[in-house]
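In what follows, a single structure is set out as structure tokens and then discussed.
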Amino acid sequence: MGAEEKEKTNPREDDGEIRIGVYVCHCGLNIAGSVDCGEVAKFAATLPHVVWAQDNRYTCSDQGQEQIKKDIKEHKLNRVVVASCSPRLHEPTFRKTCEDAGLNKYLFEMANIREHCSWVHLYDRQSATEKAKDLVKMAVAKAARLQSAKEIEVPIIRKALVIGGGVAGIQAALDLADTGYKVYLVEKEPSIGGMMARIDKTFPTMDCSICILAPKMSDVGHHPNIELLANSEVTDVKGYIGNFHVKILKRPRFVKNDCSACGECSKVCPVIAPNKFDAGLAIRHAIYTPFAQAVPSTYIIDMNLCLNKDGVTVCDKCMKACERQAIDFEMKPETVEIDVGTIIVAIGADVFDPSSLQNYGYGKYLNVITSLEFERLINAGGPSGGHLIRPSDLEIPRRVAFIQCVGSRSDKSGRLYCSNVCCMNTIKDSLLIKEHWPETEIHVFYVDIRAYGKGFEDLYKRARKEGVLFIRGLPAEIVEDRKTHNLWLVGENTLQKELYKVNVDMAILSVGLEPRKDSEPIQRLLTLSRTQDGFFMEAHPKLRPVDAATGGIFFAGCAESPKDIKDSVTQASAAAARAGILMAKGKVTVEAITPIFYPERCKVCGLCAKVCPYNAIVLNKELKRVELVKAACGGCGTCAAECPFDALTQDHFTDEQIISQIDAVTESDADKKIVAFCCNWCAYAGADFAGVSRMQYPPSVRIIRTMCSGRVAPKFVERAFARGAAAVLVAGCHPGDCHYINANYQTQKRVERLWKKMEQQGLDKERLQLLWASAAEGERFASKIREMNRLVEKVSPEEINNAKKVFEKALGGD
Amino acid sequence: MEASKALVPKEDIRKLLDGEKLEHCFECGICTASCSIADLLGKDYNPRNLLEKIFLNPDAVLASYEPWLCAWCYRCYKRCPQGLKLPEIFLYMRTAAVKNAFTQPLEIAFEKIVDNIPLSIVTTLVCFHPERAGLEIKKILDMIEHIRIEHLKKLKKKKTVKSSGEKIAVIGSGPAGLTVASELARKGHKITIFEAFSEPGGMLRKCIPEYRLPKWVLAKEIQFIEDLGVEIKTGVKVGEDVNFDDLRKGNYRAIFIGTGANKSQAFKIEGGDLEGVIHAIEFLWNANYKEKVKVGKDVVVIGGGNVAMDTAKTALRLNADKVTILYRRSKEEMPAIPWEVKEAENEGVKIEFLVAPKKILGKNGKVSAVECVRIQLGEPDESGRRKPTPIEGSEFTRETDMVILAIGEIPDLGFLPKEIELNEDNTVWVNPITMETSVEGIFAGGDAVTGPATIIEAIRAGKRAAESIENYVKSLAR
Amino acid sequence: MPERIRHAPLDMGKATFPKAKIQLIKDQCKGCGFCIRFCPQKVLEESQEINARGVHPPKIVDESKCLACGFCTAVCPDFAIFIIEKPSKEDVKNG
């Protein structure tokens, strides 16, 4: 597949005169507030090939789009540039506009003058306007070199994988299965049900949690379209949107599916241990079912406990008790391999472990418990049969305290966010106590009560009416009376400005939620990003809240952020719908950003094949040639950066296009500018995030977007220096987080080589910086620019000239 | 409205240490509830409220006495969910007040200290530290002396308290014991303090270096308490010279145990008996009492508490060329209060983190070097602290001619009868609210209960115990 | 559910363990040590005494740990060890 084979959909667009139309968007005052859009449009009109330039209030509005369509026809535009927000937001919109007007969508280019300009230079209108002009100039330069392209279509496998069998995973699996798709539901624990199965009642309706969940769990167990893989774990994921190949480790239960769940085995089992499902408050045997409603209902043997753990059948009491002869000590782990088109991540969250807060004495004082332990205590299926008893003497407590925000909203615990569910959970719990034991004295120590949802405020009022005492101010410490095991809570009532000492029988720490500690493999296998909080990051916080940045992957439930049952279910249905849309189409187009190959230049060295993360380039030694498999290509472009003979380049990110952008930046005042290459997924998105958060940084930086930092060829950096740039930044995803498996390792190697060269040539290697910044690390990006700007201010003209000389060769034919 | 220039610019408030974190304060009140001074002074002092005021209207705070009442115990910081260093924020306000010549607030603060806090001069010097804002110590002493004289005059005008005739024994004459004694003496009780050492004062005398607390100030303070009618029996060691049970059988209505934590924790290390190896407590004691104290040229202090900091600083003052502190965890885990650490570093003490001694090497029976190992911190253990584990093969030797072990102090409670229950860490167990031990009529407080802590915490415990003893004695009388 | 367990089970009192009396016929033992090696609860260990066959027979370290699985009886080549299961509380109640 060479360049000559490239399909040209509409020859008129590529050949002949280049006619560019430029639209500068005010975005209300979002851009116009700190950029003089009229002046930018005037400037654009002076650029080569630009035949039409204007500014308008909202380019993305229907009106704005119609204007573009009209102009394409009227002014015979064959390239369109919109200077507005991030292409990550509206590139698809405007590409569609172009297509509607008969223009190939790859002939559209965007200049990001909002996230990367107006929002980060709010108070420097002049510099922001100058920068916006530069950004437009870069976009126009690239646009002039754009070529139309046709996307290839990839079929989508009409099967889905749901990881995690909590209420979110259950809902997503059922919705997809009901739509008619085959679903694999993978659950790590022996039973599905997750956190909801452990809770007693749900707020604000006070429904019995397991009563409403159990029918759904049972539906999952019986659904013809659902294959449930409990006690299993995803160990490997390969492939891309529509075509994932997944390996699942199915751990042995040692009990065959013939099990009727009669429980005779458990009765005779001589080994006992705390049941994790009951937060350790109840016992179970080595052969057990975690709870009565478990799905699958098949019992399971905990081989770490069973007397036969060493592989010798020492004890066969359960075997003898089992009428159906379902017990099999010989069961081995097996690996199941499946192919799916979409994946829903519903792995849930962990609860905060408060033992690190020594002043609350959790783990030291018997009667200090967590809210999760409380749920098991008040649950009729729990260790006390629903009688609220305190651990020290198994008596019913008459005075109870709840302490809010334990582990949440705290810099010290590293969890700065609000965990969303604890306030309402406590209110619900306090009402449960009042329902059964109305005389109980209940204190709730809080800092803010967040009753923001439907029916929440009513529940809060009800709790107040029932006599639950809400006291503003958290206890500074809990101290135990050694004789009675009663607790003293010492704190400040911040509304009364008075210190309190409250004596209670039992204290419940309302613990927050945190990202699962065992989520790292899932994150790595699916190349997901995390927000600063550690939860998975969605593709867009408002408009694509359930999509992962990686195509074909969706989020449901607490994996994305702490949320209650209703929100989890809503999100699960949304994720199922999003996955369903993809699968209903049956095919997905892959962006035309695959390599362009010039065989006549190729020396068959095989370097490209070596660096390709997808094995999409194969070195055929027999035929002495390089072969491309476009469908397998992920589109990182690291092959193009690696090729020493320019035999490869990347469609839509060609050498010529990127060089034209570099040249546009460095045309004037290069010695005061930073040329930044940012990968689309992390660094560019991080810069977007800095913009959205209005983090201010100096206006000296010009960002050139590539799909991966692996696309950044050394010659790009060299050219920037050769043209007198003060500094260059190469920014990508953190190692291990690369969107293209490991292409950013090549980035690191290349930058290190450049540093070495700079050092040898007596240049200050600080002028070339490498930054790993995730999509959530806007501040990291901003502070890097601040840091580099200090460097830019110090670079002397001699140093700039030295670099110009050293890298002279990079100017090539100029 | 005419806009006048702010005395404390808002940008400065933001730039304050931890300034960006100020916005995270959501007024949970943990700081105030942890604060010893808020407990002693009641509604007169509220650090949470003060922080809010600083945020809302910093200029108004300059005229307030409140910033001067922080006693630098950092209990607020240790528990604050956001880790705000309130003492240092307050110091900024003090400095700004001094710069803008607000002196009145300091006087009010001193009045409140004299009114409410026993050992007011001592605490001013070793707890409140008004000098950190750039004031001269002499001026401060004059000011507080004057206020106390006025205070005494006022007291004398009032009717003298009638003697109750009740006898109460106090064991130990440290800050906790002195507090209990002075508080109860004012109520008209007859107090006898038993002190093992030849002079009263406890840790104040033995371990607080002269440069921080001149002996004459302490002497004055103790004289003041003796003037209240308190009898101090020095050189009487309970358990040796007098039996604890004898005290109980005596006519004492209540007994207070305030013996502190002055026994160095047992630390087994190879070479620990070499010449030139000394425990911190012993070293500080020598520095305070002997005229000539031997200090090495290159001193190594092992430990990360306040005592380690004091030791290092004292060694520097005694003309050691170089003082290095070895601590096995990182700076965040240090038990010493952050300001002391900062001060030590400023004075030239070098602190090496994540290093633990393996053995002490010697030549001819004298210390020559310490063999150390580097440490990495593992996952948080049961107590929530990250567990230090040695990195194998990272051993190195460091030459030195003096090793001071400041690895923690524990109470010496061998003299107590068995009925008085102890905690696992060999401190006296008390009811945290009443400070009463497991035996009726016997109370305890200070380091003997908490383990090594600050002076203001001992005073707070003493005051609490004094209240309980008063209630107890009254209930007996009924 | 990776959370750490910090409280003991509250229904520990209700748990019933099989209890057994271990019977050793010391002089019949030839000292092969199978019972010691295979006991999953490590109830047995080699004793210092010497029996009629001139070997060290096993001794009971902690009988309360025995869960009456009976594997020692099964593996003993010399029929030198057997257990008598003690009736549990429930069985006594049920007659």
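Ordered as shown in the structure tokens, chains take letters A, B, and onward, while each chain numbers its residues from 1 and ligands are numbered from 1 in the order shown.
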Practice item. From a DSSP calculation on the backbone, collect every residue of stretch 621-719 of chain A in strand (DSSP E or B) and output the set as a VMD selection string. Key: chain A and resid 625 to 628 648 to 650 653 674 to 679 701 to 706
Take the selection from the previous step and output its residues with N, CA and C atoms, as a PDB file, in the first residue's frame.
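Written output follows (part.pdb):
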ATOM      1  N   ARG A 625      10.874  -6.927   2.139  1.00  0.00           N
ATOM      2  CA  ARG A 625      10.052  -5.727   2.089  1.00  0.00           C
ATOM      3  C   ARG A 625       9.287  -5.553   3.403  1.00  0.00           C
ATOM      4  N   VAL A 626       8.728  -4.365   3.535  1.00  0.00           N
ATOM      5  CA  VAL A 626       7.947  -4.061   4.729  1.00  0.00           C
ATOM      6  C   VAL A 626       6.472  -4.107   4.353  1.00  0.00           C
ATOM      7  N   GLU A 627       5.673  -4.799   5.204  1.00  0.00           N
ATOM      8  CA  GLU A 627       4.244  -4.918   4.881  1.00  0.00           C
ATOM      9  C   GLU A 627       3.414  -4.241   5.970  1.00  0.00           C
ATOM     10  N   LEU A 628       2.394  -3.521   5.549  1.00  0.00           N
ATOM     11  CA  LEU A 628       1.535  -2.794   6.477  1.00  0.00           C
ATOM     12  C   LEU A 628       0.181  -3.475   6.629  1.00  0.00           C
ATOM     13  N   LEU A 648       8.201   6.620   5.667  1.00  0.00           N
ATOM     14  CA  LEU A 648       6.891   6.529   6.299  1.00  0.00           C
ATOM     15  C   LEU A 648       6.487   7.890   6.846  1.00  0.00           C
ATOM     16  N   THR A 649       5.239   8.191   6.693  1.00  0.00           N
ATOM     17  CA  THR A 649       4.727   9.346   7.418  1.00  0.00           C
ATOM     18  C   THR A 649       3.319   8.987   7.860  1.00  0.00           C
ATOM     19  N   GLN A 650       2.677   9.880   8.653  1.00  0.00           N
ATOM     20  CA  GLN A 650       1.354   9.518   9.154  1.00  0.00           C
ATOM     21  C   GLN A 650       0.296  10.388   8.507  1.00  0.00           C
ATOM     22  N   PHE A 653      -1.119  13.681   9.892  1.00  0.00           N
ATOM     23  CA  PHE A 653      -0.058  14.238  10.727  1.00  0.00           C
ATOM     24  C   PHE A 653       1.252  14.038   9.976  1.00  0.00           C
ATOM     25  N   ILE A 674       7.948  28.897  23.230  1.00  0.00           N
ATOM     26  CA  ILE A 674       8.152  27.480  23.522  1.00  0.00           C
ATOM     27  C   ILE A 674       7.330  26.707  22.503  1.00  0.00           C
ATOM     28  N   VAL A 675       7.982  25.809  21.774  1.00  0.00           N
ATOM     29  CA  VAL A 675       7.232  24.933  20.874  1.00  0.00           C
ATOM     30  C   VAL A 675       6.934  23.656  21.650  1.00  0.00           C
ATOM     31  N   ALA A 676       5.643  23.356  21.805  1.00  0.00           N
ATOM     32  CA  ALA A 676       5.272  22.183  22.594  1.00  0.00           C
ATOM     33  C   ALA A 676       4.592  21.151  21.700  1.00  0.00           C
ATOM     34  N   PHE A 677       5.061  19.916  21.800  1.00  0.00           N
ATOM     35  CA  PHE A 677       4.390  18.816  21.118  1.00  0.00           C
ATOM     36  C   PHE A 677       3.621  18.030  22.175  1.00  0.00           C
ATOM     37  N   CYS A 678       2.302  17.970  22.015  1.00  0.00           N
ATOM     38  CA  CYS A 678       1.511  17.297  23.047  1.00  0.00           C
ATOM     39  C   CYS A 678       0.713  16.160  22.446  1.00  0.00           C
ATOM     40  N   CYS A 679       0.711  15.027  23.150  1.00  0.00           N
ATOM     41  CA  CYS A 679      -0.073  13.906  22.656  1.00  0.00           C
ATOM     42  C   CYS A 679      -1.546  14.176  22.928  1.00  0.00           C
ATOM     43  N   VAL A 701       3.812  29.718  25.091  1.00  0.00           N
ATOM     44  CA  VAL A 701       3.809  28.364  24.539  1.00  0.00           C
ATOM     45  C   VAL A 701       2.861  28.234  23.342  1.00  0.00           C
ATOM     46  N   ARG A 702       3.277  27.439  22.339  1.00  0.00           N
ATOM     47  CA  ARG A 702       2.445  27.101  21.183  1.00  0.00           C
ATOM     48  C   ARG A 702       2.376  25.579  21.103  1.00  0.00           C
ATOM     49  N   ILE A 703       1.172  25.068  21.162  1.00  0.00           N
ATOM     50  CA  ILE A 703       1.042  23.613  21.222  1.00  0.00           C
ATOM     51  C   ILE A 703       0.747  23.031  19.846  1.00  0.00           C
ATOM     52  N   ILE A 704       1.511  22.005  19.469  1.00  0.00           N
ATOM     53  CA  ILE A 704       1.242  21.256  18.252  1.00  0.00           C
ATOM     54  C   ILE A 704       0.738  19.886  18.681  1.00  0.00           C
ATOM     55  N   ARG A 705      -0.429  19.523  18.172  1.00  0.00           N
ATOM     56  CA  ARG A 705      -1.038  18.274  18.613  1.00  0.00           C
ATOM     57  C   ARG A 705      -0.579  17.106  17.736  1.00  0.00           C
ATOM     58  N   THR A 706      -0.151  16.018  18.379  1.00  0.00           N
ATOM     59  CA  THR A 706       0.055  14.760  17.662  1.00  0.00           C
ATOM     60  C   THR A 706      -0.782  13.720  18.387  1.00  0.00           C
TER      61      THR A 706
END
Taking a cut-off of 9 Å and counting only C-alpha atoms, can you build a table that, for each residue of chain A near chain B, reports the nearest atom pair and how far apart they are in Å (one decimal), sorted by chain then residue number, as CSV?
residue,atom,partner,partner_atom,distance
A:Pro354,CA,B:Gly384,CA,8.7
A:Ser355,CA,B:Gly384,CA,6.0
A:Ser356,CA,B:Gly384,CA,3.8
A:Leu357,CA,B:Gly384,CA,7.1
A:Gln358,CA,B:Ser383,CA,7.0
A:Asn359,CA,B:Arg79,CA,7.6
A:Gly363,CA,B:Glu382,CA,8.2
A:Gly407,CA,B:Pro81,CA,8.4
A:Ser408,CA,B:Pro81,CA,8.9
A:Arg409,CA,B:Pro81,CA,7.8
A:Ser410,CA,B:Pro81,CA,4.8
A:Asp411,CA,B:Gln82,CA,4.4
A:Lys412,CA,B:Gln82,CA,5.4
A:Ser413,CA,B:Pro81,CA,7.3
A:Leu416,CA,B:His24,CA,8.7
A:Tyr446,CA,B:Cys28,CA,7.7
A:Val447,CA,B:Cys28,CA,5.6
A:Asp448,CA,B:Phe26,CA,8.5
A:Arg472,CA,B:Cys28,CA,7.3
A:Gly473,CA,B:Cys28,CA,4.6
A:Leu474,CA,B:Cys28,CA,5.3
A:Pro475,CA,B:Ile30,CA,6.2
A:Ala476,CA,B:Ile30,CA,4.5
A:Glu477,CA,B:Ser34,CA,7.9
A:Val479,CA,B:Pro432,CA,6.9
A:Glu480,CA,B:Pro432,CA,8.0
A:Asp481,CA,B:Asn431,CA,6.4
A:Arg482,CA,B:Asn431,CA,7.8
A:Trp488,CA,B:Ile433,CA,8.2
A:Val490,CA,B:Ala33,CA,6.7
A:Gly491,CA,B:Ala33,CA,4.6
A:Glu492,CA,B:Gly29,CA,5.1
A:Asn493,CA,B:Gly29,CA,7.1
A:Thr494,CA,B:Gly29,CA,5.9
A:Lys497,CA,B:Lys43,CA,7.4
A:Glu498,CA,B:Lys43,CA,7.2
A:Leu499,CA,B:Ala33,CA,6.3
A:Tyr500,CA,B:Ala33,CA,8.3
A:Lys501,CA,B:Ile433,CA,8.7
Using only C-alpha atoms, I'd like a table of the residues in chain C that come within 12 Å of chain B; for each, show the closest atom pair and its distance in Å rounded to one decimal, ordered by chain and ascending number, as a Markdown table.
| residue | atom | partner | partner_atom | distance |
| --- | --- | --- | --- | --- |
| C:Arg4 | CA | B:Glu382 | CA | 9.9 |
| C:Ile5 | CA | B:Glu382 | CA | 11.1 |
| C:Arg6 | CA | B:Glu382 | CA | 9.6 |
Restrict the selected residues to N, CA and C atoms and save them as a compact mmCIF listing (two decimals), in the first residue's frame.
# COMPACT_ATOMS: atom_id res chain seq x y z
N ARG C 4 -9.65 -4.54 55.27
CA ARG C 4 -9.04 -5.28 56.36
C ARG C 4 -10.09 -5.56 57.43
N ILE C 5 -10.04 -6.73 58.01
CA ILE C 5 -11.00 -7.08 59.07
C ILE C 5 -10.43 -6.63 60.41
N ARG C 6 -11.18 -5.82 61.15
CA ARG C 6 -10.66 -5.27 62.40
C ARG C 6 -11.45 -5.71 63.63
Exercise for review: Give me, as an NGL selection string, the contact residues of chain A against chain C at a cut-off of 8 Å, counting only C-alpha atoms.
Suggested key: :A and (189 or 270-271 or 274 or 276-277 or 279-283 or 307-308 or 314-317 or 350-351 or 353 or 363 or 366 or 383-384 or 391 or 394 or 517)
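Comparing the minimum interatomic distances between B:Ala320 and each of B:Ile269, B:Pro338, B:Thr95, B:Met402, counting only C-alpha atoms, we find that B:Met402 sits nearest.
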Exercise for review: Apply DSSP to the backbone of this structure and, from chain C, keep only the residues in alpha helix (DSSP H); write these as a PyMOL selection string.
Suggested key: chain C and resi 34-38+71-75+89-93
Written selection (C-alpha atoms) as a PDB file, in the first residue's frame:
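Written out: result.pdb:
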ATOM      1  CA  PHE C  34       3.152 -40.060  58.750  1.00  0.00           C
ATOM      2  CA  CYS C  35       0.595 -38.879  61.277  1.00  0.00           C
ATOM      3  CA  ILE C  36       2.811 -35.968  62.299  1.00  0.00           C
ATOM      4  CA  ARG C  37       3.580 -34.990  58.740  1.00  0.00           C
ATOM      5  CA  PHE C  38       0.051 -35.146  57.387  1.00  0.00           C
ATOM      6  CA  PHE C  71      -6.558 -38.672  58.528  1.00  0.00           C
ATOM      7  CA  CYS C  72      -4.002 -39.872  61.063  1.00  0.00           C
ATOM      8  CA  THR C  73      -5.980 -43.079  61.472  1.00  0.00           C
ATOM      9  CA  ALA C  74      -6.146 -43.454  57.709  1.00  0.00           C
ATOM     10  CA  VAL C  75      -2.433 -43.050  57.089  1.00  0.00           C
ATOM     11  CA  LYS C  89     -23.357 -29.647  72.340  1.00  0.00           C
ATOM     12  CA  GLU C  90     -26.116 -29.790  69.739  1.00  0.00           C
ATOM     13  CA  ASP C  91     -26.012 -33.571  69.502  1.00  0.00           C
ATOM     14  CA  VAL C  92     -26.307 -33.823  73.255  1.00  0.00           C
ATOM     15  CA  LYS C  93     -29.345 -31.549  73.183  1.00  0.00           C
TER      16      LYS C  93
END
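Around stretch 368-374 of chain B, within 9 Å and counting only C-alpha atoms, the residues found are Gly276, Val300, Arg328, Phe353, Leu354, Val355, Ala356, Pro357, Lys358, Lys359, Ile360, Leu361, Gly362, Lys363, Thr389, Pro390, Ile391, Glu392, Gly393, Ser394, Glu395, Phe396, Thr397, Arg398, Glu399, Thr400, Asp401, Met402 and Val403 of chain B, once anything fewer than 5 positions away on its own chain is removed.
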